Amino acid sequence: MKKKIFTVLSAVVLSICLTACGSNDVKVIENNKDDKASESSTDNSGETSKLKGYVFEADGQNGKVSITTEIEMNDILKQLGDPDNYFEAESCAFKGLDKTYTYSHYEIQTYPEDKKDLISCILFKDDMIKTAEGLSIGMTKDQMEEAYGTDYEQKGAMYVYKKDSSFLGFIIQDNIISSIQYFSDALEQQQN
Amino acid sequence: MRKRLIGITVSFIVAAVGLWFLQKLLMPKYMDDIVEGAMIAEYYDEEKNHDVIFIGDCELYENISPAVLWKEYGINSYIRGSAQQLIWQSYYLMEETLQYEKPKVFVFNVLAMKYNSPQSEAYNRMTLDGMKMSAAKIKSVQASMTEEEDLIDYIFPILRYHSRFDELGKIDINYLFKKDKVTFNGYYMRVDVKPAQNIPEAKPLGDYNFGDTAYFYLDKMVELCEKNNVELILVKAPSLYPHWYDEWDKQMSEYALDHNLKYYNFLNSTDDIGLDFAKDTYDSGLHLNLTGAEKLSTYFGNILSTECDLPDRRNDKKLKEIWEEKLKAYDDEKNRQYAENEK
């Protein structure tokens, strides 16, 4: 009798455990952003051609620095030098800091992922800098469409272009570009 | 035949108990670094006799001290808070709370209006795993799930957590059946100081309108409170970051006016509250520390007791006894953290 009970018990436990092992296995305790971040980060060797998505070229300490979203900030920081202003905020509940580096004409925001700081957003602060395709704040919507086409998604006053996992957004007011923002999937989710 | 039936029944009972035990063992205990995951479940052990229930995100559970509301105004309150609590989660927590008690006031923090879609499983788990099984929980799970999640994993969490087998540690054994309290009536205490400085300018948005889903659940909150004769108060905590845009504030002011609700944006009252962001925050202005939370609670307690006609219950013998014990624990923790800070 005992043998029978043990057999049935073992079978039930085993079958449930096996079923469970077939399910999607993701660590829950950690922030569950997708793996694209680390893929992009691996791809970043400092050469523009190897960066995926929209790329911003900033003036660094030793020449141009190519930056896009979802790559490690640490490497970029070494090339850009110290920012004019730095702000960090603890991620709610999770370990790690959301960081904001402010330079003269732009701001870079990062989020923590697997002990790395990945870039979530690059925000233009004035009309002194341009995108790699030549757009700057103060230019017109027509110039934006000429440079990037009309395959955008409009969200209120923002026109969003997508390339790989990066987004490039232009806020248009009275036909004039008032803000330019590069942002990643991580930020795109929050804005929906 | 009868013996066989009994044998099978016993086998299934033993198997069910075994699985239940295994599930208890494998579920995260949230007792060490990410204590926010243990907050929601603490409510069930409480005496359900509250005047005010706060429901919302970290801007409530780190900024309001129910101990001060009791000490200074005799208001018996509780915070059902969790990290990045989304508005549909807050709504279903309200619905669930009403199954246990009927407070005079629900307070909801409106920062959650900025989210219009499911965000992250890790945060979902911290709110939803702590809820007892109920229709409200199921509905909350369905509203919260990201594309990768399944309802069945919330009903039987062992399906989700079986991979923790290799990570099991002392904490999983020590807190298998009984957990420590991580809050004081929902308030998460921090006494350390990190002044607010270098806060970046607000990033321009393409669309400042809150989403339809967020408004849908806010409407449901209003309806639920009206139906149950509970006053709903909207607040915006005085956290300096993330930014609370003027456009957002205008929408909430208009909504409150249209629905005859009270709305307090405490960012407009920081001087009256007496907040000093060089001393009253532990994380550069995101959340208040103990001194800040106590100042805000004193200020808001005065509003609650005068404008919402809440009675002073400090003469209620049973409540008085309960709070004596709670206040002792509160003061002990305060002293422990200050002593730790001085080391």
# chains A, B, ... in the order shown; residues from 1 in each chain; ligands from 1

call {"tool": "residues_around", "arguments": {"residues": "Asn76 in chain B", "least_positions_apart": "3", "cutoff": "9 Å", "atoms": "only C-alpha atoms", "output": "list of chain:residue names"}}
result
B:Asn49, B:His50, B:Asp51, B:Val52, B:Ile53, B:Pro66, B:Ala67, B:Leu69, B:Trp70, B:Tyr73, B:Asp312, B:Arg313, B:Arg314, B:Leu319, B:Trp323

call {"tool": "closest_atom_pairs", "arguments": {"of": "chain B", "to": "chain A", "cutoff": "6 Å", "atoms": "only C-alpha atoms", "output": "CSV"}}
result
residue,atom,partner,partner_atom,distance
B:Ser11,CA,A:Ile5,CA,5.1
B:Ala15,CA,A:Leu9,CA,5.1
B:Ile34,CA,A:Ala93,CA,5.8
B:Ala122,CA,A:Val28,CA,5.3
B:Leu159,CA,A:Ala20,CA,4.9
B:Asn198,CA,A:Phe87,CA,5.6
B:Gly206,CA,A:Met158,CA,4.3
B:Asp207,CA,A:Gly156,CA,4.6

call {"tool": "atom_distance", "arguments": {"atom1": "CA of Met145 in chain B", "atom2": "CA of Glu121 in chain B"}}
result
7.1 Å

call {"tool": "closest_residue", "arguments": {"among": "B:Glu42, B:Asp192, B:Glu307, B:Asp276", "to": "Glu231 in chain B", "atoms": "only C-alpha atoms"}}
result
B:Glu307

call {"tool": "decode", "arguments": {"residues": "range 143-170 of chain A", "atoms": "N, CA and C atoms", "output": "mmCIF file, in the first residue's frame"}}
result
data_model
loop_
_atom_site.group_PDB
_atom_site.id
_atom_site.type_symbol
_atom_site.label_atom_id
_atom_site.label_comp_id
_atom_site.auth_asym_id
_atom_site.auth_seq_id
_atom_site.Cartn_x
_atom_site.Cartn_y
_atom_site.Cartn_z
ATOM 1 N N GLN A 143 12.075 69.514 -43.813
ATOM 2 C CA GLN A 143 13.490 69.105 -43.832
ATOM 3 C C GLN A 143 13.656 67.739 -43.160
ATOM 4 N N MET A 144 12.856 67.516 -42.094
ATOM 5 C CA MET A 144 12.897 66.212 -41.416
ATOM 6 C C MET A 144 12.461 65.106 -42.385
ATOM 7 N N GLU A 145 11.372 65.353 -43.106
ATOM 8 C CA GLU A 145 10.854 64.334 -44.036
ATOM 9 C C GLU A 145 11.808 64.123 -45.199
ATOM 10 N N GLU A 146 12.488 65.195 -45.583
ATOM 11 C CA GLU A 146 13.467 65.083 -46.659
ATOM 12 C C GLU A 146 14.633 64.187 -46.222
ATOM 13 N N ALA A 147 15.038 64.346 -44.979
ATOM 14 C CA ALA A 147 16.184 63.579 -44.479
ATOM 15 C C ALA A 147 15.820 62.144 -44.100
ATOM 16 N N TYR A 148 14.643 61.965 -43.517
ATOM 17 C CA TYR A 148 14.295 60.643 -42.964
ATOM 18 C C TYR A 148 13.091 59.975 -43.640
ATOM 19 N N GLY A 149 12.420 60.689 -44.521
ATOM 20 C CA GLY A 149 11.245 60.117 -45.175
ATOM 21 C C GLY A 149 9.979 60.312 -44.351
ATOM 22 N N THR A 150 8.933 59.635 -44.772
ATOM 23 C CA THR A 150 7.645 59.812 -44.072
ATOM 24 C C THR A 150 7.194 58.526 -43.384
ATOM 25 N N ASP A 151 8.096 57.583 -43.266
ATOM 26 C CA ASP A 151 7.745 56.325 -42.611
ATOM 27 C C ASP A 151 7.917 56.468 -41.094
ATOM 28 N N TYR A 152 7.158 57.380 -40.539
ATOM 29 C CA TYR A 152 7.249 57.625 -39.091
ATOM 30 C C TYR A 152 5.929 57.271 -38.418
ATOM 31 N N GLU A 153 5.992 57.181 -37.097
ATOM 32 C CA GLU A 153 4.761 57.003 -36.327
ATOM 33 C C GLU A 153 4.551 58.288 -35.534
ATOM 34 N N GLN A 154 3.367 58.840 -35.622
ATOM 35 C CA GLN A 154 3.124 60.096 -34.912
ATOM 36 C C GLN A 154 2.454 59.831 -33.563
ATOM 37 N N LYS A 155 3.060 60.386 -32.522
ATOM 38 C CA LYS A 155 2.470 60.275 -31.186
ATOM 39 C C LYS A 155 2.317 61.689 -30.642
ATOM 40 N N GLY A 156 1.166 62.265 -30.791
ATOM 41 C CA GLY A 156 0.977 63.662 -30.422
ATOM 42 C C GLY A 156 1.839 64.513 -31.331
ATOM 43 N N ALA A 157 2.686 65.326 -30.723
ATOM 44 C CA ALA A 157 3.544 66.208 -31.521
ATOM 45 C C ALA A 157 4.869 65.537 -31.879
ATOM 46 N N MET A 158 5.033 64.277 -31.459
ATOM 47 C CA MET A 158 6.307 63.610 -31.733
ATOM 48 C C MET A 158 6.213 62.684 -32.946
ATOM 49 N N TYR A 159 7.201 62.789 -33.811
ATOM 50 C CA TYR A 159 7.303 61.935 -34.986
ATOM 51 C C TYR A 159 8.440 60.966 -34.730
ATOM 52 N N VAL A 160 8.116 59.665 -34.729
ATOM 53 C CA VAL A 160 9.108 58.678 -34.310
ATOM 54 C C VAL A 160 9.514 57.772 -35.468
ATOM 55 N N TYR A 161 10.814 57.717 -35.716
ATOM 56 C CA TYR A 161 11.369 56.799 -36.713
ATOM 57 C C TYR A 161 12.017 55.637 -35.964
ATOM 58 N N LYS A 162 11.888 54.427 -36.503
ATOM 59 C CA LYS A 162 12.481 53.256 -35.864
ATOM 60 C C LYS A 162 13.508 52.615 -36.788
ATOM 61 N N LYS A 163 14.633 52.264 -36.222
ATOM 62 C CA LYS A 163 15.665 51.554 -36.978
ATOM 63 C C LYS A 163 16.269 50.521 -36.034
ATOM 64 N N ASP A 164 16.210 49.239 -36.387
ATOM 65 C CA ASP A 164 16.594 48.151 -35.485
ATOM 66 C C ASP A 164 15.863 48.348 -34.155
ATOM 67 N N SER A 165 16.585 48.406 -33.040
ATOM 68 C CA SER A 165 15.860 48.579 -31.776
ATOM 69 C C SER A 165 15.972 50.016 -31.261
ATOM 70 N N SER A 166 16.401 50.937 -32.113
ATOM 71 C CA SER A 166 16.509 52.324 -31.641
ATOM 72 C C SER A 166 15.438 53.206 -32.283
ATOM 73 N N PHE A 167 15.093 54.247 -31.573
ATOM 74 C CA PHE A 167 14.060 55.172 -32.031
ATOM 75 C C PHE A 167 14.654 56.577 -32.097
ATOM 76 N N LEU A 168 14.209 57.339 -33.083
ATOM 77 C CA LEU A 168 14.612 58.734 -33.180
ATOM 78 C C LEU A 168 13.332 59.553 -33.247
ATOM 79 N N GLY A 169 13.161 60.426 -32.263
ATOM 80 C CA GLY A 169 11.921 61.194 -32.178
ATOM 81 C C GLY A 169 12.154 62.680 -32.387
ATOM 82 N N PHE A 170 11.263 63.326 -33.151
ATOM 83 C CA PHE A 170 11.297 64.779 -33.356
ATOM 84 C C PHE A 170 9.983 65.352 -32.840
#
